[in-house]
>>> print(open('model30.txt').read())   # compact mmCIF, C-alpha atoms
# COMPACT_ATOMS: atom_id res chain seq x y z
CA MET R 1 280.65 167.97 23.62
CA SER R 2 283.51 166.96 21.35
CA MET R 3 285.22 168.70 18.49
CA LYS R 4 284.13 167.46 15.13
CA PRO R 5 287.11 165.84 13.41
CA VAL R 6 288.32 167.66 10.30
CA ARG R 7 287.86 164.61 8.17
CA SER R 8 284.76 162.78 9.31
CA VAL R 9 284.49 159.06 8.57
CA LYS R 10 281.75 158.23 6.13
CA ASP R 11 278.97 155.92 7.20
CA ARG R 12 278.96 152.67 5.29
CA VAL R 13 276.23 150.52 3.79
CA VAL R 14 276.50 146.88 2.70
CA LEU R 15 273.98 145.76 0.07
CA ASP R 16 272.81 142.32 -0.96
CA THR R 17 271.38 141.53 -4.40
CA SER R 18 267.72 141.76 -3.38
CA LEU R 19 267.72 145.53 -3.82
CA PHE R 20 268.27 145.07 -7.54
CA VAL R 21 266.89 141.60 -8.19
CA ASN R 22 263.88 140.98 -5.93
CA PRO R 23 260.87 142.42 -7.84
CA GLU R 24 259.05 143.52 -4.67
CA VAL R 25 261.94 145.71 -3.69
CA ARG R 26 263.59 146.53 -6.97
CA ASN R 27 260.65 148.50 -8.34
CA ASP R 28 261.57 151.38 -6.03
CA PHE R 29 264.63 151.86 -8.23
CA GLY R 30 263.76 150.48 -11.68
CA ASN R 31 261.68 147.90 -13.49
CA SER R 32 264.57 145.55 -14.34
CA PRO R 33 267.79 144.72 -12.48
CA THR R 34 269.77 146.89 -14.90
CA GLU R 35 267.33 149.81 -14.54
CA ALA R 36 267.35 149.39 -10.75
CA ILE R 37 271.14 149.75 -10.79
CA LYS R 38 270.81 152.99 -12.75
CA GLY R 39 268.07 154.27 -10.44
CA PHE R 40 270.17 153.51 -7.38
CA LEU R 41 273.23 155.12 -8.93
CA ALA R 42 271.36 158.36 -9.69
CA ILE R 43 270.51 158.75 -6.00
CA ALA R 44 273.69 157.31 -4.48
CA GLU R 45 275.95 159.70 -6.41
CA GLN R 46 274.27 162.61 -4.65
CA ILE R 47 275.17 161.33 -1.18
CA PRO R 48 278.83 162.01 -0.36
CA GLU R 49 278.14 161.05 3.28
CA LEU R 50 277.73 157.38 2.45
CA GLU R 51 279.98 154.65 1.09
CA PHE R 52 278.36 151.60 -0.51
CA TYR R 53 279.82 148.10 -0.45
CA MET R 54 278.93 144.66 -1.74
CA PRO R 55 280.91 141.45 -1.07
CA SER R 56 282.69 140.36 -4.28
CA SER R 57 280.89 137.00 -4.20
CA VAL R 58 277.49 138.71 -4.02
CA PHE R 59 278.48 141.13 -6.78
CA SER R 60 279.23 138.17 -9.08
CA GLU R 61 275.76 136.83 -8.38
CA LEU R 62 274.25 140.20 -9.20
CA MET R 63 276.09 140.35 -12.53
CA ASN R 64 274.24 137.18 -13.58
CA PHE R 65 270.95 139.09 -13.46
CA VAL R 66 271.94 142.11 -15.53
CA ASP R 67 272.87 143.10 -19.02
CA GLN R 68 276.50 143.88 -18.18
CA ARG R 69 277.02 146.08 -21.26
CA ARG R 70 274.30 148.40 -19.98
CA VAL R 71 275.66 148.74 -16.44
CA PRO R 72 277.39 152.16 -16.15
CA GLY R 73 281.08 152.02 -15.28
CA ARG R 74 280.34 154.45 -12.42
CA PHE R 75 278.46 151.66 -10.67
CA LEU R 76 281.75 149.83 -10.12
CA ALA R 77 283.13 152.91 -8.37
CA VAL R 78 280.06 153.81 -6.33
CA LEU R 79 279.36 150.26 -5.18
CA LYS R 80 282.72 149.04 -3.88
CA GLN R 81 283.33 145.31 -4.14
CA LYS R 82 285.23 143.85 -1.23
CA SER R 83 285.47 140.50 0.51
CA PRO R 84 285.57 140.48 4.30
CA SER R 85 289.03 139.99 5.82
CA LYS R 86 288.09 136.47 6.74
CA HIS R 87 291.47 135.46 8.09
CA GLU R 88 291.64 138.40 10.48
CA LEU R 89 288.06 138.58 11.70
CA THR R 90 286.85 136.51 14.60
CA CYS R 91 283.43 135.67 15.91
CA PRO R 92 282.45 135.18 19.54
CA ALA R 93 282.56 131.55 20.62
CA PHE R 94 279.10 131.56 22.24
CA PHE R 95 277.87 132.01 18.73
CA LEU R 96 279.09 128.54 17.77
CA TYR R 97 276.86 127.09 20.47
CA GLU R 98 273.78 128.76 19.04
CA LEU R 99 274.66 127.69 15.53
CA ILE R 100 275.27 124.06 16.51
CA GLU R 101 272.11 123.81 18.60
CA ASP R 102 270.08 125.38 15.82
CA ILE R 103 271.46 122.98 13.23
CA ARG R 104 270.89 120.01 15.51
CA ASP R 105 267.20 120.91 15.89
CA ARG R 106 266.83 121.38 12.17
CA ILE R 107 268.47 118.05 11.35
CA ASN R 108 266.01 116.28 13.65
CA LYS R 109 263.11 118.16 12.07
CA GLY R 110 264.33 117.13 8.60
CA LEU R 111 264.34 113.49 9.60
CA ARG R 112 260.77 113.68 10.90
CA ILE R 113 259.65 115.23 7.60
CA ALA R 114 261.35 112.39 5.69
CA GLU R 115 259.73 109.73 7.89
CA LYS R 116 256.29 111.25 7.38
CA ALA R 117 256.79 111.20 3.61
CA VAL R 118 257.80 107.53 3.63
CA ARG R 119 254.66 106.70 5.66
CA ASN R 120 252.49 108.58 3.17
CA ALA R 121 254.03 106.84 0.15
CA GLY R 122 251.39 104.86 -1.70
CA LYS R 123 248.58 107.05 -0.37
CA THR R 124 249.37 109.82 -2.83
CA ASP R 125 251.16 110.48 -6.11
CA GLU R 126 254.89 109.86 -5.67
CA LYS R 127 255.99 112.88 -7.65
CA GLU R 128 253.75 115.23 -5.68
CA LEU R 129 254.78 113.60 -2.43
CA ILE R 130 258.47 114.13 -3.17
CA GLN R 131 257.91 117.72 -4.26
CA GLY R 132 255.98 118.45 -1.06
CA MET R 133 258.66 116.80 1.05
CA ARG R 134 261.41 118.80 -0.64
CA LYS R 135 259.59 122.03 0.09
CA SER R 136 258.99 121.21 3.78
CA TYR R 137 262.53 119.90 4.17
CA ARG R 138 264.15 122.97 2.68
CA GLU R 139 261.98 125.27 4.75
CA ALA R 140 262.82 123.40 7.94
CA LEU R 141 266.54 123.18 7.28
CA ARG R 142 267.26 126.45 5.54
CA GLU R 143 264.79 129.19 6.40
CA GLY R 144 266.15 131.69 8.86
CA ILE R 145 269.61 130.17 8.78
CA ILE R 146 272.70 131.40 7.02
CA ASP R 147 273.35 128.68 4.50
CA SER R 148 275.80 130.02 1.96
CA LYS R 149 279.24 131.54 1.65
CA GLU R 150 277.59 134.68 0.25
CA ASP R 151 275.46 135.13 3.38
CA VAL R 152 278.52 134.81 5.61
CA ASP R 153 280.30 137.36 3.40
CA LEU R 154 277.46 139.85 3.86
CA ILE R 155 277.44 139.52 7.64
CA LEU R 156 281.21 139.62 8.08
CA LEU R 157 281.69 142.54 5.71
CA ALA R 158 279.03 144.56 7.55
CA LYS R 159 280.73 143.69 10.85
CA GLU R 160 284.21 144.56 9.56
CA LEU R 161 283.08 147.93 8.18
CA ASP R 162 280.68 148.70 11.04
CA ALA R 163 278.17 149.19 8.23
CA LEU R 164 274.41 149.17 7.85
CA LEU R 165 273.36 145.87 6.27
CA VAL R 166 270.51 146.12 3.74
CA THR R 167 269.01 142.66 3.26
CA VAL R 168 265.76 140.68 3.22
CA ASP R 169 267.47 137.42 4.18
CA HIS R 170 266.05 136.13 7.49
CA GLY R 171 269.22 134.22 8.32
CA ALA R 172 271.40 137.29 7.78
CA ILE R 173 269.04 139.44 9.88
CA THR R 174 269.08 136.90 12.73
CA TRP R 175 272.88 136.93 12.75
CA ALA R 176 272.99 140.72 12.46
CA GLU R 177 270.85 140.93 15.61
CA LYS R 178 273.19 138.59 17.47
CA LEU R 179 276.36 140.36 16.38
CA GLY R 180 275.20 143.95 16.90
CA ILE R 181 275.10 144.78 13.20
CA ARG R 182 272.66 147.50 12.09
CA TRP R 183 270.26 146.29 9.41
CA LEU R 184 267.48 147.69 7.24
CA LEU R 185 264.91 146.07 4.98
CA PRO R 186 265.44 146.98 1.32
CA THR R 187 261.83 148.24 1.16
CA LYS R 188 262.88 151.10 3.45
CA PHE R 189 266.15 151.79 1.69
CA LYS R 190 265.01 154.34 -0.88
CA ASP R 191 263.46 156.47 1.87
CA TYR R 192 266.65 156.10 3.87
CA LEU R 193 268.71 157.37 0.94
CA LEU R 194 266.33 160.21 0.15
CA GLY R 195 266.66 161.35 3.75
CA PHE R 196 270.24 162.32 2.87
CA VAL R 197 269.34 164.02 -0.40
CA ASP R 198 266.46 165.86 1.23
CA THR R 199 268.68 167.87 3.58
CA GLY R 200 271.21 168.93 0.99
CA GLU R 201 271.82 171.93 -1.21
CA THR R 202 271.80 169.78 -4.34
CA ASP R 203 269.42 170.88 -7.04
CA LEU R 204 267.85 167.44 -7.29
CA LYS R 205 264.85 167.55 -4.97
CA PRO R 206 263.51 164.21 -3.66
CA THR R 207 260.37 164.72 -5.77
CA SER R 208 262.39 164.68 -8.96
CA VAL R 209 263.69 161.20 -8.21
CA ASN R 210 261.00 159.65 -6.14
CA GLN R 211 257.78 160.85 -7.59
CA ALA R 212 258.70 161.70 -11.15
CA SER R 213 257.37 158.45 -12.49
CA SER R 214 254.01 158.88 -10.86
CA GLN R 215 253.50 162.51 -11.90
CA MET W 1 319.42 128.41 25.73
CA SER W 2 317.01 129.97 28.17
CA MET W 3 316.74 129.80 31.93
CA LYS W 4 314.14 127.39 33.12
CA PRO W 5 311.44 129.32 34.99
CA VAL W 6 311.32 128.58 38.70
CA ARG W 7 307.71 127.51 38.49
CA SER W 8 307.06 125.76 35.23
CA VAL W 9 303.51 125.73 33.86
CA LYS W 10 301.98 122.28 33.87
CA ASP W 11 300.87 120.77 30.61
CA ARG W 12 297.13 120.27 30.42
CA VAL W 13 294.95 117.49 29.10
CA VAL W 14 291.23 117.68 28.26
CA LEU W 15 289.35 114.37 28.37
CA ASP W 16 286.05 113.33 26.87
CA THR W 17 283.91 110.51 28.27
CA SER W 18 285.10 107.85 25.81
CA LEU W 19 288.18 107.11 27.93
CA PHE W 20 285.92 105.80 30.69
CA VAL W 21 282.80 104.77 28.79
CA ASN W 22 283.75 103.41 25.36
CA PRO W 23 284.49 99.68 25.94
CA GLU W 24 287.21 99.54 23.26
CA VAL W 25 289.19 102.20 25.06
CA ARG W 26 288.08 101.84 28.63
CA ASN W 27 289.55 98.38 29.08
CA ASP W 28 293.03 99.94 29.27
CA PHE W 29 291.97 101.37 32.60
CA GLY W 30 289.25 99.10 33.98
CA ASN W 31 286.42 96.78 33.03
CA SER W 32 283.59 99.16 33.93
CA PRO W 33 283.31 102.97 33.82
CA THR W 34 283.74 103.15 37.59
CA GLU W 35 286.79 100.83 37.51
CA ALA W 36 288.24 102.80 34.59
CA ILE W 37 288.00 105.97 36.68
CA LYS W 38 289.91 104.25 39.49
CA GLY W 39 292.51 102.89 37.05
CA PHE W 40 293.04 106.32 35.53
CA LEU W 41 293.26 107.92 38.95
CA ALA W 42 295.96 105.48 40.12
CA ILE W 43 298.21 106.53 37.23
CA ALA W 44 297.24 110.22 37.04
CA GLU W 45 298.06 110.85 40.70
CA GLN W 46 301.66 109.87 40.00
CA ILE W 47 302.10 112.57 37.34
CA PRO W 48 302.54 116.01 38.90
CA GLU W 49 303.57 117.39 35.48
CA LEU W 50 300.03 117.13 34.10
CA GLU W 51 296.69 118.76 34.89
CA PHE W 52 293.52 117.00 33.77
CA TYR W 53 290.32 118.78 32.78
CA MET W 54 286.83 117.87 31.60
CA PRO W 55 284.10 120.34 30.55
CA SER W 56 281.36 120.41 33.23
CA SER W 57 278.74 119.40 30.66
CA VAL W 58 280.78 116.33 29.66
CA PHE W 59 281.43 115.47 33.31
CA SER W 60 277.65 115.36 33.92
CA GLU W 61 277.31 112.94 31.03
CA LEU W 62 280.06 110.76 32.50
CA MET W 63 278.33 110.65 35.88
CA ASN W 64 275.32 108.98 34.20
CA PHE W 65 277.50 105.98 33.41
CA VAL W 66 278.99 105.36 36.83
CA ASP W 67 278.02 104.29 40.30
CA GLN W 68 278.60 107.68 41.89
CA ARG W 69 278.94 106.28 45.42
CA ARG W 70 281.95 104.27 44.24
CA VAL W 71 283.79 107.14 42.52
CA PRO W 72 286.63 108.29 44.81
CA GLY W 73 286.42 111.91 45.96
CA ARG W 74 290.01 112.35 44.70
CA PHE W 75 288.69 112.02 41.16
CA LEU W 76 286.89 115.37 41.52
CA ALA W 77 290.21 116.99 42.44
CA VAL W 78 292.41 115.24 39.88
CA LEU W 79 289.98 115.74 36.98
CA LYS W 80 289.08 119.41 37.15
CA GLN W 81 285.63 120.32 35.83
CA LYS W 82 285.51 123.61 33.97
CA SER W 83 283.39 125.15 31.23
CA PRO W 84 285.21 127.12 28.53
CA SER W 85 285.03 130.92 28.91
CA LYS W 86 282.56 131.06 26.06
CA HIS W 87 281.87 134.78 26.27
CA GLU W 88 285.55 135.70 26.06
CA LEU W 89 286.78 133.18 23.51
CA THR W 90 286.56 133.87 19.80
CA CYS W 91 286.92 131.68 16.75
CA PRO W 92 288.42 132.69 13.40
CA ALA W 93 285.80 133.80 10.91
CA PHE W 94 287.09 131.61 8.05
CA PHE W 95 285.92 128.79 10.20
CA LEU W 96 282.30 129.84 9.79
CA TYR W 97 282.66 129.42 6.04
CA GLU W 98 283.84 125.85 6.39
CA LEU W 99 281.08 125.05 8.84
CA ILE W 100 278.34 126.56 6.65
CA GLU W 101 279.57 124.88 3.47
CA ASP W 102 279.85 121.57 5.25
CA ILE W 103 276.32 121.83 6.64
CA ARG W 104 274.95 122.86 3.26
CA ASP W 105 276.41 119.73 1.64
CA ARG W 106 275.05 117.55 4.39
CA ILE W 107 271.56 119.04 4.15
CA ASN W 108 271.48 118.26 0.43
CA LYS W 109 272.72 114.74 1.08
CA GLY W 110 269.97 114.24 3.68
CA LEU W 111 267.32 115.23 1.18
CA ARG W 112 268.61 112.76 -1.39
CA ILE W 113 268.49 109.98 1.22
CA ALA W 114 264.88 110.91 2.04
CA GLU W 115 263.89 110.95 -1.64
CA LYS W 116 265.41 107.54 -2.21
CA ALA W 117 263.48 106.14 0.76
CA VAL W 118 260.17 107.52 -0.57
CA ARG W 119 260.87 105.92 -3.97
CA ASN W 120 261.59 102.57 -2.31
CA ALA W 121 258.41 102.66 -0.23
CA GLY W 122 256.14 99.75 -1.13
CA LYS W 123 259.10 97.71 -2.40
CA THR W 124 260.17 96.79 1.11
CA ASP W 125 258.89 96.65 4.68
CA GLU W 126 258.07 100.17 5.88
CA LYS W 127 259.56 99.73 9.33
CA GLU W 128 262.85 98.42 7.96
CA LEU W 129 262.90 101.13 5.33
CA ILE W 130 262.48 103.88 7.90
CA GLN W 131 265.12 102.37 10.16
CA GLY W 132 267.57 102.15 7.27
CA MET W 133 266.80 105.71 6.24
CA ARG W 134 267.32 107.02 9.78
CA LYS W 135 270.72 105.36 9.93
CA SER W 136 271.88 106.73 6.57
CA TYR W 137 270.46 110.15 7.37
CA ARG W 138 272.15 110.42 10.75
CA GLU W 139 275.45 109.22 9.28
CA ALA W 140 275.28 111.76 6.48
CA LEU W 141 274.27 114.69 8.66
CA ARG W 142 276.17 114.01 11.84
CA GLU W 143 279.30 111.90 11.34
CA GLY W 144 282.46 113.92 11.43
CA ILE W 145 280.64 117.08 12.42
CA ILE W 146 280.43 118.72 15.80
CA ASP W 147 276.77 118.42 16.62
CA SER W 148 276.37 119.06 20.32
CA LYS W 149 277.06 121.67 22.98
CA GLU W 150 279.32 119.10 24.69
CA ASP W 151 281.52 118.78 21.58
CA VAL W 152 281.90 122.55 21.34
CA ASP W 153 282.79 122.62 25.05
CA LEU W 154 285.56 120.07 24.50
CA ILE W 155 287.10 121.98 21.63
CA LEU W 156 286.89 125.40 23.22
CA LEU W 157 288.20 124.24 26.57
CA ALA W 158 291.20 122.57 24.89
CA LYS W 159 291.81 125.81 22.95
CA GLU W 160 291.47 128.02 26.01
CA LEU W 161 293.87 125.90 28.08
CA ASP W 162 296.24 125.16 25.21
CA ALA W 163 295.65 121.54 26.23
CA LEU W 164 295.99 118.14 24.61
CA LEU W 165 292.51 116.91 23.65
CA VAL W 166 291.93 113.18 24.17
CA THR W 167 288.90 112.13 22.11
CA VAL W 168 287.63 109.60 19.57
CA ASP W 169 285.02 111.99 18.16
CA HIS W 170 285.70 112.60 14.45
CA GLY W 171 284.02 115.99 14.48
CA ALA W 172 286.11 117.17 17.42
CA ILE W 173 289.32 115.88 15.79
CA THR W 174 288.47 117.68 12.53
CA TRP W 175 287.98 120.94 14.40
CA ALA W 176 291.11 120.37 16.50
CA GLU W 177 293.12 120.07 13.27
CA LYS W 178 291.66 123.32 11.94
CA LEU W 179 292.21 125.26 15.15
CA GLY W 180 295.71 124.02 15.94
CA ILE W 181 294.68 122.00 18.97
CA ARG W 182 296.83 118.98 19.87
CA TRP W 183 294.83 115.76 20.04
CA LEU W 184 295.39 112.11 20.89
CA LEU W 185 293.26 109.01 20.46
CA PRO W 186 292.20 107.52 23.81
CA THR W 187 293.73 104.17 22.72
CA LYS W 188 297.17 105.82 22.97
CA PHE W 189 296.47 107.63 26.19
CA LYS W 190 297.60 105.02 28.70
CA ASP W 191 301.00 104.78 26.97
CA TYR W 192 301.19 108.56 26.94
CA LEU W 193 300.58 108.68 30.69
CA LEU W 194 303.03 105.89 31.42
CA GLY W 195 305.69 107.82 29.55
CA PHE W 196 305.60 110.31 32.43
CA VAL W 197 305.66 107.65 35.12
CA ASP W 198 308.58 105.93 33.34
CA THR W 199 311.04 108.78 33.92
CA GLY W 200 310.31 109.30 37.59
CA GLU W 201 311.78 108.22 40.88
CA THR W 202 308.44 106.82 41.97
CA ASP W 203 308.48 103.24 43.13
CA LEU W 204 305.98 102.24 40.46
CA LYS W 205 308.15 101.02 37.56
CA PRO W 206 306.68 101.03 34.05
CA THR W 207 306.90 97.26 33.92
CA SER W 208 304.54 96.98 36.82
CA VAL W 209 301.85 98.86 34.92
CA ASN W 210 302.64 98.74 31.25
CA GLN W 211 304.51 95.59 30.38
CA ALA W 212 303.45 93.21 33.08
CA SER W 213 300.84 91.61 30.87
CA SER W 214 303.17 91.02 27.90
CA GLN W 215 306.21 89.68 29.76
>>> encode(input="model30.txt", output="structure tokens")
Amino acid sequence: MSMKPVRSVKDRVVLDTSLFVNPEVRNDFGNSPTEAIKGFLAIAEQIPELEFYMPSSVFSELMNFVDQRRVPGRFLAVLKQKSPSKHELTCPAFFLYELIEDIRDRINKGLRIAEKAVRNAGKTDEKELIQGMRKSYREALREGIIDSKEDVDLILLAKELDALLVTVDHGAITWAEKLGIRWLLPTKFKDYLLGFVDTGETDLKPTSVNQASSQ
Amino acid sequence: MSMKPVRSVKDRVVLDTSLFVNPEVRNDFGNSPTEAIKGFLAIAEQIPELEFYMPSSVFSELMNFVDQRRVPGRFLAVLKQKSPSKHELTCPAFFLYELIEDIRDRINKGLRIAEKAVRNAGKTDEKELIQGMRKSYREALREGIIDSKEDVDLILLAKELDALLVTVDHGAITWAEKLGIRWLLPTKFKDYLLGFVDTGETDLKPTSVNQASSQ
């Protein structure tokens, strides 16, 4: 039993773009990226217990999908943009082993895919063959792996802030599991947020946000 | 001006297999891997100022190249086998960014090599084409990158021990530069060792080892 500190630390959430951009997820909040931002904002502003973050690099990506003139200024305050402190953070060395072994396997797999395509050349349309090879190659070498600066930003920022990471990216989720980072699929995120609103004394009942469109 | 500590810490050296296995380097010490081990041992035993290490994984590789019955037992004592403390060591996070970006570039390069090979199919002998593609692919995806557990072991052990890393591996040298690890090409290593013997009161004069052949 411990005394509750006078000023309790807020729990933190790190978001990737999928929440606003990926149509399967976004529709929980709005039917366009810009509307999804507004829908998120309406709920997030009612939850003083949470702080929301997005890596600056990911935020720039998000801005490519929206009509920036229609994004409320409040969004910039509610969703804090911050890069991870990449020159102070460290990662455990055993992690390098897993990364290197994983990449090694994938590189070998990529070569086998290329060899198969060369052997099939002539048997099928070249354009189709190349398109098929590209697809298999990219799946083998990229799926489930962190393959961009933005993905590393997401993981490191969540680690730095001890935050909940909301993402659909398989690579980011795999790393989150290895590094002890909490994560949540964006499809569950609206319910997660409404769980905070639900308990409160605010006059906005969950029904007014969640079910209004269907009533 | 500081007092010299009573017991000074020995400087440490981490070796990879090339010193004993790579013919271009090995000949400084002996004309077979087993002879090179003996040649190294004869010099190393005269240098109390240095401690020599090899990661256990790399040592196993080395043992595949030698006649184990002919390797002196002293070699096991002079060249200490030790894995890095991989669950205690950390690496700076900015390093992950460089690694991921590098891999991303290489993956794209690999795909372009594969596409080119598919387009050339039919124009040339399939077997030759595939062999050529394999070579280009491996060069693009592996050269200058750390791509094995053994390479990571070398780098981390050198870091942990604050040791001089003696290697020809481009990937390991690139990482050594980024992580502030001292490194030396194996072709310079015999001279480096003889520099220690040179100053001593031992009865083995440098001329007898180093300059005998040129005088």
>>> closest_atom_pairs(input="model30.txt", of="chain W", to="chain R", cutoff="8 Å", atoms="all atoms listed in the file", output="tab-separated table")
residue	atom	partner	partner_atom	distance
W:Lys86	CA	R:Phe94	CA	5.2
W:His87	CA	R:Phe94	CA	5.9
W:Glu88	CA	R:Pro92	CA	7.2
W:Leu89	CA	R:Ala93	CA	5.4
W:Thr90	CA	R:Pro92	CA	4.3
W:Cys91	CA	R:Thr90	CA	5.3
W:Pro92	CA	R:Thr90	CA	4.3
W:Ala93	CA	R:Thr90	CA	4.7
W:Phe94	CA	R:Lys86	CA	5.1
W:Leu96	CA	R:Val152	CA	7.5
W:Tyr97	CA	R:Lys149	CA	6.0
W:Ile100	CA	R:Asp147	CA	5.8
W:Glu101	CA	R:Ser148	CA	6.6
W:Ile103	CA	R:Asp147	CA	7.8
W:Arg104	CA	R:Asp147	CA	6.2
W:Ile107	CA	R:Leu141	CA	7.2
W:Leu111	CA	R:Arg134	CA	7.1
W:Ala114	CA	R:Ala114	CA	5.3
W:Glu115	CA	R:Ile130	CA	6.5
W:Ala117	CA	R:Val118	CA	6.5
W:Val118	CA	R:Val118	CA	4.8
W:Arg119	CA	R:Glu126	CA	7.4
W:Ala121	CA	R:Ala121	CA	6.1
W:Gly122	CA	R:Gly122	CA	7.0
W:Glu126	CA	R:Arg119	CA	7.4
W:Ile130	CA	R:Glu115	CA	6.5
W:Arg134	CA	R:Leu111	CA	7.1
W:Tyr137	CA	R:Leu111	CA	7.3
W:Leu141	CA	R:Ile107	CA	7.2
W:Ile146	CA	R:Ile100	CA	7.5
W:Asp147	CA	R:Ile100	CA	5.8
W:Ser148	CA	R:Ile100	CA	6.4
W:Lys149	CA	R:Tyr97	CA	6.0
W:Val152	CA	R:Tyr97	CA	6.8
W:Leu156	CA	R:Ala93	CA	8.0
>>> residues_around(input="model30.txt", residues="Gly73 in chain W", least_positions_apart="4", cutoff="12 Å", atoms="only C-alpha atoms", output="list of chain:residue names")
W:Ile37, W:Lys38, W:Leu41, W:Gln68, W:Arg69, W:Ala77, W:Val78, W:Leu79, W:Lys80
>>> closest_residue(input="model30.txt", among="W:Gly132, W:Pro48, W:Pro72, W:Pro55", to="Ala36 in chain W", atoms="all atoms listed in the file")
W:Pro72
>>> atom_distance(input="model30.txt", atom1="CA of Leu62 in chain W", atom2="CA of Asn31 in chain W")
15.4 Å
>>> closest_residue(input="model30.txt", among="W:Thr167, W:Ser56, W:Gln81, W:Asn22", to="Trp183 in chain W", atoms="only C-alpha atoms")
W:Thr167
>>> atom_distance(input="model30.txt", atom1="CA of Val168 in chain R", atom2="CA of Val25 in chain R")
9.4 Å
>>> closest_residue(input="model30.txt", among="R:Ala172, R:Leu179, R:Val21, R:Val9", to="Phe59 in chain R", atoms="only C-alpha atoms")
R:Val21
>>> decode(input="model30.txt", residues="range 39-51 of chain R", atoms="N, CA, C and O atoms", output="compact mmCIF listing (two decimals), in the first residue's frame")
# COMPACT_ATOMS: atom_id res chain seq x y z
N GLY R 39 -12.25 13.25 -35.32
CA GLY R 39 -12.94 12.27 -34.46
C GLY R 39 -12.08 11.86 -33.28
O GLY R 39 -12.56 11.78 -32.14
N PHE R 40 -10.80 11.63 -33.55
CA PHE R 40 -9.87 11.28 -32.48
C PHE R 40 -9.76 12.42 -31.47
O PHE R 40 -9.82 12.21 -30.25
N LEU R 41 -9.62 13.63 -32.01
CA LEU R 41 -9.44 14.81 -31.16
C LEU R 41 -10.62 15.00 -30.21
O LEU R 41 -10.43 15.29 -29.01
N ALA R 42 -11.83 14.79 -30.72
CA ALA R 42 -13.03 14.97 -29.90
C ALA R 42 -13.01 14.05 -28.68
O ALA R 42 -13.44 14.43 -27.59
N ILE R 43 -12.50 12.83 -28.87
CA ILE R 43 -12.43 11.90 -27.73
C ILE R 43 -11.20 12.20 -26.86
O ILE R 43 -11.29 12.28 -25.63
N ALA R 44 -10.06 12.38 -27.50
CA ALA R 44 -8.80 12.54 -26.77
C ALA R 44 -8.84 13.73 -25.82
O ALA R 44 -8.28 13.67 -24.71
N GLU R 45 -9.50 14.80 -26.23
CA GLU R 45 -9.54 16.01 -25.39
C GLU R 45 -10.30 15.79 -24.08
O GLU R 45 -10.17 16.57 -23.15
N GLN R 46 -11.07 14.72 -24.04
CA GLN R 46 -11.83 14.42 -22.82
C GLN R 46 -11.06 13.53 -21.86
O GLN R 46 -11.62 13.10 -20.86
N ILE R 47 -9.81 13.19 -22.21
CA ILE R 47 -9.07 12.22 -21.38
C ILE R 47 -7.81 12.85 -20.82
O ILE R 47 -6.72 12.74 -21.40
N PRO R 48 -7.92 13.58 -19.71
CA PRO R 48 -6.73 14.22 -19.13
C PRO R 48 -5.70 13.21 -18.64
O PRO R 48 -4.54 13.57 -18.44
N GLU R 49 -6.11 11.96 -18.45
CA GLU R 49 -5.17 10.95 -17.92
C GLU R 49 -4.13 10.50 -18.94
O GLU R 49 -3.16 9.85 -18.57
N LEU R 50 -4.36 10.80 -20.20
CA LEU R 50 -3.45 10.30 -21.23
C LEU R 50 -2.73 11.42 -21.97
O LEU R 50 -3.29 12.50 -22.18
N GLU R 51 -1.49 11.13 -22.36
CA GLU R 51 -0.74 12.03 -23.25
C GLU R 51 -0.48 11.28 -24.55
O GLU R 51 -0.07 10.12 -24.51
